[in-house]
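Raw protein.txt, compact mmCIF, C-alpha atoms:
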# COMPACT_ATOMS: atom_id res chain seq x y z
CA MET A 1 277.89 82.92 0.44
CA ALA A 2 279.38 86.14 -0.91
CA SER A 3 279.46 89.27 1.21
CA SER A 4 277.10 92.11 0.38
CA SER A 5 276.68 95.76 1.37
CA THR A 6 273.73 97.91 2.34
CA SER A 7 273.85 101.64 1.72
CA THR A 8 274.33 103.79 4.80
CA SER A 9 271.46 105.97 3.61
CA SER A 10 269.11 103.59 5.44
CA ILE A 11 271.06 103.17 8.67
CA LEU A 12 269.53 105.85 10.85
CA CYS A 13 266.06 105.54 9.35
CA PHE A 14 265.60 102.30 11.27
CA LEU A 15 263.06 101.71 13.98
CA LEU A 16 263.19 104.24 16.77
CA PHE A 17 263.81 101.61 19.40
CA VAL A 18 266.76 100.17 17.49
CA CYS A 19 268.41 103.56 17.17
CA LEU A 20 267.78 104.36 20.81
CA PHE A 21 268.50 101.13 22.57
CA HIS A 22 270.17 98.37 20.64
CA PHE A 23 273.82 99.34 21.15
CA SER A 24 275.68 101.63 23.50
CA SER A 25 278.87 103.46 22.72
CA ALA A 26 282.28 103.23 24.32
CA THR A 27 281.44 105.87 26.89
CA GLY A 28 277.72 105.38 27.26
CA ARG A 29 276.44 107.96 24.80
CA LYS A 30 273.12 109.57 25.44
CA LEU A 31 269.95 108.83 23.52
CA ASN A 32 269.90 112.01 21.48
CA ALA A 33 273.36 111.22 20.13
CA LEU A 34 272.01 108.03 18.60
CA VAL A 35 269.38 109.73 16.48
CA GLN A 36 270.82 111.94 13.77
CA ASP A 37 269.42 113.47 10.60
CA LYS A 38 272.13 112.03 8.35
CA PRO A 39 274.05 108.77 8.53
CA ALA A 40 277.78 108.62 9.15
CA MET A 41 279.71 108.45 5.86
CA SER A 42 283.16 107.73 7.29
CA LEU A 43 284.90 106.81 10.50
CA GLN A 44 287.80 109.09 11.35
CA TYR A 45 290.96 107.91 13.05
CA HIS A 46 291.85 110.01 16.12
CA ASN A 47 295.51 109.00 16.44
CA GLY A 48 295.11 106.83 19.51
CA PRO A 49 296.56 103.37 20.09
CA LEU A 50 294.72 100.22 19.10
CA LEU A 51 295.03 96.89 20.85
CA SER A 52 297.91 94.87 19.49
CA GLY A 53 299.47 91.46 19.69
CA GLN A 54 298.21 88.62 21.86
CA THR A 55 295.21 89.88 23.84
CA SER A 56 293.24 87.75 26.29
CA VAL A 57 289.47 87.99 26.52
CA ASN A 58 288.46 87.29 30.12
CA LEU A 59 284.81 86.61 30.95
CA ILE A 60 283.36 87.69 34.31
CA TRP A 61 279.98 85.99 34.74
CA TYR A 62 277.94 87.94 37.29
CA GLY A 63 274.79 86.28 38.56
CA ASN A 64 272.90 83.22 37.44
CA PHE A 65 274.03 81.72 34.12
CA LYS A 66 273.45 78.12 33.10
CA PRO A 67 276.42 76.17 31.73
CA ALA A 68 274.66 75.99 28.35
CA GLN A 69 274.38 79.78 28.28
CA ARG A 70 278.06 80.22 29.09
CA ALA A 71 278.91 77.79 26.31
CA ILE A 72 277.04 79.86 23.69
CA ILE A 73 279.14 82.94 24.43
CA SER A 74 282.41 81.06 24.94
CA ASP A 75 281.93 79.39 21.57
CA PHE A 76 281.39 82.79 19.97
CA PHE A 77 284.86 83.90 21.07
CA ASN A 78 286.34 80.57 20.05
CA SER A 79 284.83 81.12 16.60
CA LEU A 80 286.71 84.35 15.86
CA TYR A 81 289.75 82.53 14.48
CA THR A 82 288.21 79.14 13.77
CA THR A 83 286.89 78.12 10.37
CA PRO A 84 284.18 75.56 11.10
CA LYS A 85 283.75 72.52 8.91
CA THR A 86 280.59 73.97 7.45
CA GLN A 87 279.86 76.28 4.57
CA SER A 88 280.47 80.01 4.84
CA PRO A 89 279.68 82.60 6.04
CA THR A 90 281.56 82.19 9.31
CA VAL A 91 282.20 84.21 12.45
CA SER A 92 285.87 84.40 11.47
CA MET A 93 284.89 86.03 8.14
CA TRP A 94 282.95 88.64 10.11
CA TRP A 95 285.96 89.28 12.38
CA LYS A 96 288.27 89.77 9.40
CA LYS A 97 286.13 92.80 8.49
CA VAL A 98 287.05 94.29 11.87
CA GLU A 99 290.73 93.47 11.40
CA LYS A 100 290.80 95.48 8.18
CA TYR A 101 290.96 98.60 10.35
CA TYR A 102 294.35 97.44 11.61
CA ASN A 103 295.80 97.70 8.12
CA LEU A 104 294.48 101.13 7.18
CA PRO A 105 297.18 103.76 6.61
CA ASN A 106 297.19 106.68 9.02
CA SER A 107 299.42 109.57 9.88
CA SER A 108 300.96 108.44 13.14
CA LYS A 109 300.67 104.69 13.61
CA LYS A 110 302.20 101.79 11.76
CA PRO A 111 299.97 98.86 10.76
CA THR A 112 299.62 96.42 13.63
CA SER A 113 297.81 93.17 14.34
CA LEU A 114 295.51 91.75 16.99
CA ALA A 115 295.15 88.15 18.14
CA LEU A 116 292.37 87.50 20.64
CA LYS A 117 292.44 84.43 22.85
CA LEU A 118 289.79 83.33 25.32
CA GLY A 119 291.38 83.64 28.74
CA ARG A 120 290.06 83.31 32.29
CA GLN A 121 286.42 82.74 33.14
CA ILE A 122 285.41 84.07 36.55
CA LEU A 123 282.07 83.11 38.09
CA ASP A 124 280.36 85.34 40.65
CA GLU A 125 277.14 83.45 41.32
CA LYS A 126 276.63 84.98 44.77
CA TYR A 127 276.14 88.57 43.52
CA SER A 128 279.06 89.88 45.57
CA LEU A 129 278.27 93.51 44.67
CA GLY A 130 274.49 93.13 44.95
CA ARG A 131 271.79 92.81 42.31
CA SER A 132 271.83 96.48 41.37
CA LEU A 133 274.98 97.82 39.73
CA ASN A 134 276.26 101.21 38.65
CA ASN A 135 279.14 102.05 36.31
CA LYS A 136 281.66 102.10 39.15
CA LYS A 137 280.72 98.55 40.13
CA ILE A 138 280.94 97.40 36.51
CA VAL A 139 284.54 98.65 36.38
CA ARG A 140 285.27 96.92 39.70
CA LEU A 141 284.03 93.67 38.23
CA ALA A 142 286.02 94.22 35.04
CA SER A 143 289.17 94.77 37.07
CA ARG A 144 289.01 91.14 38.24
CA GLY A 145 290.33 90.14 34.84
CA GLU A 146 293.82 90.73 33.47
CA HIS A 147 295.25 94.26 33.65
CA SER A 148 297.40 94.30 30.56
CA ASN A 149 296.90 93.06 27.00
CA ALA A 150 293.32 92.21 27.89
CA ILE A 151 289.66 92.80 27.20
CA ASN A 152 287.64 92.04 30.33
CA VAL A 153 284.01 91.24 29.59
CA VAL A 154 281.40 91.59 32.33
CA LEU A 155 278.20 89.65 31.65
CA THR A 156 275.26 90.28 33.98
CA SER A 157 272.38 87.84 34.31
CA SER A 158 268.72 88.61 33.67
CA ASP A 159 267.96 89.28 37.36
CA VAL A 160 270.61 92.01 37.72
CA THR A 161 269.74 95.67 37.15
CA VAL A 162 272.34 98.13 35.89
CA ASP A 163 272.11 101.92 35.71
CA GLY A 164 270.86 102.91 32.26
CA PHE A 165 270.11 99.35 31.19
CA CYS A 166 266.96 99.22 29.04
CA SER A 167 266.32 102.95 29.36
CA SER A 168 269.37 104.03 27.36
CA ARG A 169 271.72 101.13 26.66
CA CYS A 170 272.08 97.38 26.29
CA GLY A 171 275.79 97.34 27.07
CA THR A 172 278.87 99.49 26.90
CA HIS A 173 282.62 99.39 26.43
CA GLY A 174 285.43 101.53 27.75
CA SER A 175 288.80 101.37 29.49
CA SER A 176 290.25 101.68 32.95
CA TYR A 177 293.72 102.34 34.33
CA SER A 178 295.45 99.72 36.45
CA THR A 179 297.69 101.30 39.07
CA SER A 180 299.38 97.98 39.81
CA LYS A 181 300.35 97.35 36.18
CA LYS A 182 300.52 101.04 35.27
CA SER A 183 298.61 100.32 32.09
CA LYS A 184 295.13 100.57 30.64
CA PHE A 185 292.86 97.62 30.02
CA ALA A 186 289.72 97.56 27.89
CA TYR A 187 286.40 96.28 29.18
CA ILE A 188 282.93 95.45 27.92
CA TRP A 189 279.67 95.08 29.80
CA VAL A 190 276.62 93.32 28.31
CA ALA A 191 273.42 92.32 30.08
CA ASN A 192 270.91 89.53 29.53
CA SER A 193 267.70 91.33 28.60
CA GLU A 194 265.42 88.27 28.52
CA THR A 195 263.11 89.37 31.34
CA GLN A 196 263.80 93.11 31.64
CA CYS A 197 263.63 94.50 28.10
CA PRO A 198 263.82 91.94 25.30
CA GLY A 199 261.84 94.30 23.07
CA GLN A 200 264.71 96.76 23.23
CA CYS A 201 267.88 94.71 23.61
CA ALA A 202 267.04 91.29 22.16
CA TRP A 203 265.46 92.41 18.87
CA PRO A 204 265.11 90.85 16.31
CA PHE A 205 264.51 87.76 18.47
CA HIS A 206 261.64 89.45 20.31
CA GLN A 207 258.72 91.62 19.31
CA PRO A 208 259.83 95.28 19.41
CA ILE A 209 258.08 97.71 21.71
CA TYR A 210 258.23 100.45 19.06
CA GLY A 211 258.02 100.57 15.30
CA PRO A 212 256.76 98.00 12.80
CA GLN A 213 255.55 94.83 14.44
CA GLY A 214 256.95 92.08 12.25
CA ALA A 215 257.24 88.54 13.57
CA PRO A 216 260.42 88.03 15.62
CA LEU A 217 263.15 85.76 14.31
CA VAL A 218 263.86 82.41 15.92
CA ALA A 219 267.03 82.66 18.02
CA PRO A 220 269.82 80.46 16.56
CA ASN A 221 270.78 78.95 19.93
CA ASN A 222 267.20 78.80 21.22
CA ASP A 223 267.89 81.41 23.91
CA VAL A 224 266.42 84.85 23.21
CA GLY A 225 268.31 86.55 26.03
CA VAL A 226 271.75 85.07 25.33
CA ASP A 227 271.45 85.25 21.54
CA GLY A 228 270.56 88.91 22.04
CA MET A 229 273.65 89.26 24.24
CA VAL A 230 275.79 87.88 21.41
CA ILE A 231 274.54 90.61 19.05
CA ASN A 232 275.35 93.35 21.54
CA LEU A 233 278.63 91.71 22.54
CA ALA A 234 279.73 91.41 18.91
CA SER A 235 278.99 95.08 18.29
CA LEU A 236 280.90 96.17 21.39
CA LEU A 237 283.80 93.83 20.67
CA ALA A 238 284.18 95.39 17.22
CA GLY A 239 284.05 98.84 18.86
CA THR A 240 286.64 97.83 21.43
CA ALA A 241 289.04 96.54 18.79
CA THR A 242 288.82 99.71 16.67
CA ASN A 243 288.34 102.28 19.44
CA PRO A 244 289.60 100.74 22.70
CA PHE A 245 290.56 103.92 24.56
CA GLY A 246 288.22 106.51 23.06
CA ASN A 247 290.69 107.89 20.50
CA GLY A 248 290.61 105.30 17.73
CA TYR A 249 288.13 105.03 14.84
CA TYR A 250 284.79 106.78 15.29
CA GLN A 251 282.72 109.64 13.99
CA GLY A 252 280.98 112.28 16.04
CA PRO A 253 281.72 113.86 19.41
CA ALA A 254 283.87 111.92 21.84
CA GLY A 255 281.60 109.93 24.13
CA GLY A 256 278.70 110.14 21.69
CA SER A 257 280.26 108.63 18.64
CA LEU A 258 279.36 106.12 15.97
CA GLU A 259 281.70 103.15 15.73
CA VAL A 260 282.29 100.34 13.27
CA ALA A 261 279.18 98.37 14.32
CA SER A 262 276.98 101.02 15.95
CA ALA A 263 277.05 102.95 12.66
CA CYS A 264 275.11 100.02 11.18
CA THR A 265 272.58 99.37 13.94
CA GLY A 266 269.71 97.06 13.02
CA ILE A 267 271.26 95.65 9.83
CA TYR A 268 271.98 91.91 9.65
CA GLY A 269 271.47 91.04 6.00
CA GLU A 270 271.00 92.54 2.57
CA GLY A 271 267.79 94.50 2.07
CA ALA A 272 267.27 95.47 5.72
CA TYR A 273 264.66 98.15 6.41
CA PRO A 274 262.65 99.35 9.45
CA GLY A 275 261.29 96.31 11.24
CA TYR A 276 263.16 93.87 8.99
CA ALA A 277 266.63 92.60 9.89
CA GLY A 278 267.50 91.77 6.30
CA ASN A 279 267.78 88.67 4.17
CA VAL A 280 269.43 86.27 6.62
CA LEU A 281 269.86 82.50 6.52
CA VAL A 282 267.32 80.12 8.04
CA ASP A 283 268.11 76.68 9.40
CA PRO A 284 265.66 74.31 7.66
CA SER A 285 265.32 72.04 10.69
CA THR A 286 264.93 74.59 13.49
CA ARG A 287 263.72 77.64 11.51
CA ALA A 288 266.33 79.65 13.42
CA SER A 289 267.75 82.76 11.74
CA TYR A 290 271.49 83.36 11.50
CA ASN A 291 274.19 84.84 9.28
CA ALA A 292 277.36 83.19 10.60
CA ASN A 293 278.53 79.66 11.37
CA GLY A 294 280.72 79.16 14.41
CA ALA A 295 282.68 76.62 16.39
CA ASN A 296 281.07 73.43 17.67
CA GLY A 297 278.24 73.65 15.17
CA ARG A 298 277.00 76.99 16.53
CA LYS A 299 275.10 79.54 14.48
CA TYR A 300 274.99 83.25 15.30
CA LEU A 301 273.34 86.44 14.10
CA LEU A 302 275.99 89.17 13.90
CA PRO A 303 275.64 92.89 13.12
CA ALA A 304 276.73 94.54 9.90
CA LEU A 305 280.02 96.44 10.04
CA PHE A 306 280.94 99.76 8.49
CA ASP A 307 283.28 99.20 5.56
CA HIS A 308 285.82 102.02 5.51
CA SER A 309 286.71 101.46 1.85
CA THR A 310 283.15 101.67 0.50
CA SER A 311 281.41 103.76 3.19
CA THR A 312 278.66 101.15 3.37
CA CYS A 313 277.37 98.73 5.95
CA SER A 314 278.80 95.36 4.96
CA THR A 315 276.93 92.20 5.84
CA LEU A 316 277.81 88.53 5.56
CA VAL A 317 274.64 87.65 3.63
If you took the structure in this file and wrote it as structure tokens, what would it be?
Amino acid sequence: MASSSTSTSSILCFLLFVCLFHFSSATGRKLNALVQDKPAMSLQYHNGPLLSGQTSVNLIWYGNFKPAQRAIISDFFNSLYTTPKTQSPTVSMWWKKVEKYYNLPNSSKKPTSLALKLGRQILDEKYSLGRSLNNKKIVRLASRGEHSNAINVVLTSSDVTVDGFCSSRCGTHGSSYSTSKKSKFAYIWVANSETQCPGQCAWPFHQPIYGPQGAPLVAPNNDVGVDGMVINLASLLAGTATNPFGNGYYQGPAGGSLEVASACTGIYGEGAYPGYAGNVLVDPSTRASYNANGANGRKYLLPALFDHSTSTCSTLV
């Protein structure tokens, strides 16, 4: 199906809970930075390096995840460069929208390229740092992955609490310096919100706690918590690719900025409005909602991305 765009004039008029909770910025921006009077009309480049070349995505599973849950997220990453033998739209089509930022002209950097590859998967099922984590512990977990040419993704299970989770964020991304490799690595943290705050971090697969009370969508992989994680993970992955070290593409103050996906919070299909995710696809057999086909027959619901060329939020459907 052909791609479509939704005007940014509606972006920040969305439900209060979506604007406040659904995505967190690279440096954990505060709530008041997510609610603005006017939508972002462009993302500025701040002359910093982007990720380039072969980059491994390493998954650090912290807590209790079932093999089926790990497969949903692993298949998402495997879908970024795979064109499934099904009709479009696909996850890889969505990712190509992110890669467009690597070909934009700028004053100090030559066009580059990025090739992500699923790397190591590390299981910590014994909660080695406890069941309550702060930012410092998240970085410690992230450091268990590769320290160069890497994005290390920390995924916390539904029984783990993290500072700021639910109250101000559903996940975050940032970077840390490795003294052993003398280089920076990027990291992402996303939590499973199934039992703690699905109304904030798993919408539109759960009834929202604020705003219009439309019926929730059926999760495409029949797991409200993990399908919600995929939405947040996709948003943060797009932010990591385009703003890995806090000086890439964003608009607003550093640490409180709008990025390529967070500028389009709450939009998944054409015609989105408060309480309505947009005109997405529905599987006729399961009634599950989705907007992207992935590897191994998977279906996913992925966020709209800010299109630099049109200054609109571009969706797959």
- Message: My list of candidates is A:Ser285, A:Thr172, A:Gln207, A:Gln213. Which is closest to Ser262 (chain A) when distances are computed with all atoms listed in the file?
- Response: A:Thr172
Within 7 Å of Thr90 (chain A), counting only C-alpha atoms, which residues show up once you throw out same-chain ones fewer than 5 positions away? Write them as an mmCIF file with C-alpha atoms, in the coordinates of the input, please.
data_model
loop_
_atom_site.group_PDB
_atom_site.id
_atom_site.type_symbol
_atom_site.label_atom_id
_atom_site.label_comp_id
_atom_site.auth_asym_id
_atom_site.auth_seq_id
_atom_site.Cartn_x
_atom_site.Cartn_y
_atom_site.Cartn_z
ATOM 1 C CA THR A 83 286.890 78.120 10.370
ATOM 2 C CA ALA A 292 277.360 83.190 10.600
ATOM 3 C CA ASN A 293 278.530 79.660 11.370
ATOM 4 C CA GLY A 294 280.720 79.160 14.410
#
- Task: For CA of Ile151 (chain A) and CA of His308 (chain A), determine how far apart the two atoms are, in Å to one decimal place.
- Result: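 According to the coordinates, CA of Ile151 (chain A) and CA of His308 (chain A) are separated by 23.9 Å.
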- Note on the structure: Residue with the minimum atom-to-atom distance to Gly199 (chain A), picked from A:Ala238, A:Ala254, A:Ala263, A:Val224 with only C-alpha atoms counted, is A:Val224
- Restricting the calculation to all atoms listed in the file, which member of A:Ser167, A:Ser143, A:Ser257, A:Thr82 is positioned closest to Gly239 (chain A)?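 Answer, going by the shortest atom-to-atom distance: A:Ser257.
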- Task: Could you tell me how far CA of Gly225 (chain A) lies from CA of Ser193 (chain A), in Å and to one decimal?
- Result: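 That distance, rounded to one decimal, is 5.5 Å.
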- Note on the structure: Of A:Ala191, A:Val260, A:Leu133, A:Met93, the one sitting nearest Asp227 (chain A) when using all atoms listed in the file is A:Ala191
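Shortest atom-to-atom contact with Thr112 (chain A) among A:Ala186, A:Cys313, A:Ala241, A:Ala68: A:Ala241, counting all atoms listed in the file.
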- Atomic distance CA of Leu316 (chain A) - CA of Lys97 (chain A), expressed in Å with one decimal: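 We find that CA of Leu316 (chain A) and CA of Lys97 (chain A) lie 9.8 Å from each other.
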- Query: Using all atoms listed in the file, which residues sit within 6 Å of Pro216 (chain A) once same-chain residues fewer than 4 positions away are excluded, as a list in words?
  - Reply: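 Surrounding residues, per the criterion: Pro204, Phe205, His206 and Gln207 of chain A.
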- Task: Point out the residue among A:Leu258, A:Cys166, A:Leu155, A:Ile60 with the least atom-to-atom distance to Gly246 (chain A), counting only C-alpha atoms.
- Result: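 Between A:Leu258, A:Cys166, A:Leu155, A:Ile60, the residue approaching Gly246 (chain A) most closely is A:Leu258.
Neighbours of Cys264 (chain A) closer than or equal to 7 Å, with all atoms listed in the file counted and sequence neighbours fewer than 2 positions away skipped, come out as A:Ile11, A:Ala261, A:Ser262, A:Gly266, A:Ile267, A:Ala304, A:Leu305, A:Phe306, A:Cys313.
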- Message: So that I can check the surroundings of Ala71 (chain A), please list as a list of chain:residue names every protein, DNA and RNA residue that reaches within 12 Å of it, counting only C-alpha atoms and ignoring chain neighbours fewer than 4 positions away.
- Response: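 Final neighbour list, sorted by chain and number: A:Leu59, A:Trp61, A:Phe65, A:Lys66, A:Pro67, A:Asp75, A:Phe76, A:Phe77, A:Asn78, A:Ser79, A:Gln121, A:Asn221, A:Asp223, A:Val226, A:Asp227, A:Val230, A:Ala295, A:Asn296, A:Gly297, A:Arg298.
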- Task: Would you kindly identify which residues have an atom no farther than 9 Å from (285.8, 99.0, 28.9), using only C-alpha atoms and the file's own coordinates, and write them out as a list in words?
- Result: Ala26, Thr27, Val139, Ala142, Ile151, Asn152, Val153, Thr172, His173, Gly174, Ser175, Ser176, Phe185, Ala186, Tyr187, Ile188, Trp189, Thr240, Pro244 and Phe245 of chain A
Repaired coordinates for region 87-98 of chain A (all heavy atoms) as a PDB file, in the coordinates of the input:
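The new file rebuild_28.pdb reads:
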ATOM      1  N   GLN A  87     279.739  75.273   5.610  1.00  0.00           N
ATOM      2  CA  GLN A  87     279.860  76.280   4.570  1.00  0.00           C
ATOM      3  C   GLN A  87     279.870  77.678   5.155  1.00  0.00           C
ATOM      4  O   GLN A  87     279.384  77.914   6.254  1.00  0.00           O
ATOM      5  CB  GLN A  87     278.731  76.136   3.545  1.00  0.00           C
ATOM      6  CG  GLN A  87     277.364  76.592   4.041  1.00  0.00           C
ATOM      7  CD  GLN A  87     276.313  76.458   2.965  1.00  0.00           C
ATOM      8  OE1 GLN A  87     275.866  75.367   2.673  1.00  0.00           O
ATOM      9  NE2 GLN A  87     275.909  77.563   2.377  1.00  0.00           N
ATOM     10  N   SER A  88     280.465  78.613   4.423  1.00  0.00           N
ATOM     11  CA  SER A  88     280.470  80.010   4.840  1.00  0.00           C
ATOM     12  C   SER A  88     279.028  80.550   4.713  1.00  0.00           C
ATOM     13  O   SER A  88     278.198  79.933   4.059  1.00  0.00           O
ATOM     14  CB  SER A  88     281.420  80.794   3.950  1.00  0.00           C
ATOM     15  OG  SER A  88     281.009  80.726   2.603  1.00  0.00           O
ATOM     16  N   PRO A  89     278.763  81.689   5.343  1.00  0.00           N
ATOM     17  CA  PRO A  89     279.680  82.600   6.040  1.00  0.00           C
ATOM     18  C   PRO A  89     279.998  82.117   7.465  1.00  0.00           C
ATOM     19  O   PRO A  89     279.235  81.370   8.058  1.00  0.00           O
ATOM     20  CB  PRO A  89     278.904  83.906   6.068  1.00  0.00           C
ATOM     21  CG  PRO A  89     277.464  83.477   6.105  1.00  0.00           C
ATOM     22  CD  PRO A  89     277.386  82.243   5.255  1.00  0.00           C
ATOM     23  N   THR A  90     281.109  82.596   7.990  1.00  0.00           N
ATOM     24  CA  THR A  90     281.560  82.190   9.310  1.00  0.00           C
ATOM     25  C   THR A  90     281.803  83.401  10.201  1.00  0.00           C
ATOM     26  O   THR A  90     281.950  84.528   9.721  1.00  0.00           O
ATOM     27  CB  THR A  90     282.865  81.379   9.219  1.00  0.00           C
ATOM     28  OG1 THR A  90     283.907  82.234   8.716  1.00  0.00           O
ATOM     29  CG2 THR A  90     282.703  80.172   8.301  1.00  0.00           C
ATOM     30  N   VAL A  91     281.872  83.151  11.491  1.00  0.00           N
ATOM     31  CA  VAL A  91     282.200  84.210  12.450  1.00  0.00           C
ATOM     32  C   VAL A  91     283.580  84.773  12.135  1.00  0.00           C
ATOM     33  O   VAL A  91     283.809  85.991  12.239  1.00  0.00           O
ATOM     34  CB  VAL A  91     282.141  83.670  13.888  1.00  0.00           C
ATOM     35  CG1 VAL A  91     282.629  84.728  14.881  1.00  0.00           C
ATOM     36  CG2 VAL A  91     280.728  83.231  14.249  1.00  0.00           C
ATOM     37  N   SER A  92     284.519  83.924  11.764  1.00  0.00           N
ATOM     38  CA  SER A  92     285.870  84.400  11.470  1.00  0.00           C
ATOM     39  C   SER A  92     285.887  85.336  10.254  1.00  0.00           C
ATOM     40  O   SER A  92     286.689  86.276  10.208  1.00  0.00           O
ATOM     41  CB  SER A  92     286.818  83.225  11.247  1.00  0.00           C
ATOM     42  OG  SER A  92     286.396  82.413  10.180  1.00  0.00           O
ATOM     43  N   MET A  93     285.006  85.115   9.279  1.00  0.00           N
ATOM     44  CA  MET A  93     284.890  86.030   8.140  1.00  0.00           C
ATOM     45  C   MET A  93     284.405  87.394   8.614  1.00  0.00           C
ATOM     46  O   MET A  93     284.871  88.434   8.143  1.00  0.00           O
ATOM     47  CB  MET A  93     283.941  85.450   7.096  1.00  0.00           C
ATOM     48  CG  MET A  93     284.472  84.225   6.378  1.00  0.00           C
ATOM     49  SD  MET A  93     283.200  83.397   5.360  1.00  0.00           S
ATOM     50  CE  MET A  93     282.764  84.729   4.241  1.00  0.00           C
ATOM     51  N   TRP A  94     283.452  87.381   9.536  1.00  0.00           N
ATOM     52  CA  TRP A  94     282.950  88.640  10.110  1.00  0.00           C
ATOM     53  C   TRP A  94     284.078  89.379  10.830  1.00  0.00           C
ATOM     54  O   TRP A  94     284.259  90.585  10.666  1.00  0.00           O
ATOM     55  CB  TRP A  94     281.802  88.333  11.067  1.00  0.00           C
ATOM     56  CG  TRP A  94     281.248  89.509  11.797  1.00  0.00           C
ATOM     57  CD1 TRP A  94     280.305  90.396  11.345  1.00  0.00           C
ATOM     58  CD2 TRP A  94     281.602  89.940  13.124  1.00  0.00           C
ATOM     59  NE1 TRP A  94     280.052  91.347  12.313  1.00  0.00           N
ATOM     60  CE2 TRP A  94     280.825  91.094  13.406  1.00  0.00           C
ATOM     61  CE3 TRP A  94     282.486  89.464  14.081  1.00  0.00           C
ATOM     62  CZ2 TRP A  94     280.922  91.772  14.618  1.00  0.00           C
ATOM     63  CZ3 TRP A  94     282.588  90.137  15.291  1.00  0.00           C
ATOM     64  CH2 TRP A  94     281.804  91.277  15.553  1.00  0.00           C
ATOM     65  N   TRP A  95     284.881  88.639  11.608  1.00  0.00           N
ATOM     66  CA  TRP A  95     285.960  89.280  12.380  1.00  0.00           C
ATOM     67  C   TRP A  95     287.034  89.852  11.474  1.00  0.00           C
ATOM     68  O   TRP A  95     287.643  90.870  11.799  1.00  0.00           O
ATOM     69  CB  TRP A  95     286.543  88.293  13.367  1.00  0.00           C
ATOM     70  CG  TRP A  95     287.545  88.899  14.292  1.00  0.00           C
ATOM     71  CD1 TRP A  95     288.871  88.619  14.392  1.00  0.00           C
ATOM     72  CD2 TRP A  95     287.301  89.930  15.263  1.00  0.00           C
ATOM     73  NE1 TRP A  95     289.468  89.398  15.350  1.00  0.00           N
ATOM     74  CE2 TRP A  95     288.527  90.215  15.904  1.00  0.00           C
ATOM     75  CE3 TRP A  95     286.160  90.636  15.651  1.00  0.00           C
ATOM     76  CZ2 TRP A  95     288.646  91.171  16.910  1.00  0.00           C
ATOM     77  CZ3 TRP A  95     286.282  91.602  16.649  1.00  0.00           C
ATOM     78  CH2 TRP A  95     287.506  91.858  17.265  1.00  0.00           C
ATOM     79  N   LYS A  96     287.265  89.242  10.336  1.00  0.00           N
ATOM     80  CA  LYS A  96     288.270  89.770   9.400  1.00  0.00           C
ATOM     81  C   LYS A  96     287.870  91.159   8.906  1.00  0.00           C
ATOM     82  O   LYS A  96     288.736  91.985   8.570  1.00  0.00           O
ATOM     83  CB  LYS A  96     288.447  88.818   8.218  1.00  0.00           C
ATOM     84  CG  LYS A  96     289.212  87.553   8.562  1.00  0.00           C
ATOM     85  CD  LYS A  96     289.440  86.688   7.346  1.00  0.00           C
ATOM     86  CE  LYS A  96     290.094  85.366   7.715  1.00  0.00           C
ATOM     87  NZ  LYS A  96     291.418  85.547   8.358  1.00  0.00           N
ATOM     88  N   LYS A  97     286.578  91.462   8.870  1.00  0.00           N
ATOM     89  CA  LYS A  97     286.130  92.800   8.490  1.00  0.00           C
ATOM     90  C   LYS A  97     286.563  93.825   9.538  1.00  0.00           C
ATOM     91  O   LYS A  97     286.888  94.970   9.206  1.00  0.00           O
ATOM     92  CB  LYS A  97     284.598  92.826   8.334  1.00  0.00           C
ATOM     93  CG  LYS A  97     284.062  91.994   7.181  1.00  0.00           C
ATOM     94  CD  LYS A  97     282.535  91.982   7.205  1.00  0.00           C
ATOM     95  CE  LYS A  97     281.963  91.134   6.077  1.00  0.00           C
ATOM     96  NZ  LYS A  97     282.084  91.815   4.777  1.00  0.00           N
ATOM     97  N   VAL A  98     286.563  93.410  10.812  1.00  0.00           N
ATOM     98  CA  VAL A  98     287.050  94.290  11.870  1.00  0.00           C
ATOM     99  C   VAL A  98     288.556  94.486  11.741  1.00  0.00           C
ATOM    100  O   VAL A  98     289.078  95.602  11.859  1.00  0.00           O
ATOM    101  CB  VAL A  98     286.711  93.708  13.261  1.00  0.00           C
ATOM    102  CG1 VAL A  98     287.288  94.603  14.373  1.00  0.00           C
ATOM    103  CG2 VAL A  98     285.208  93.570  13.431  1.00  0.00           C
TER     104      VAL A  98
END
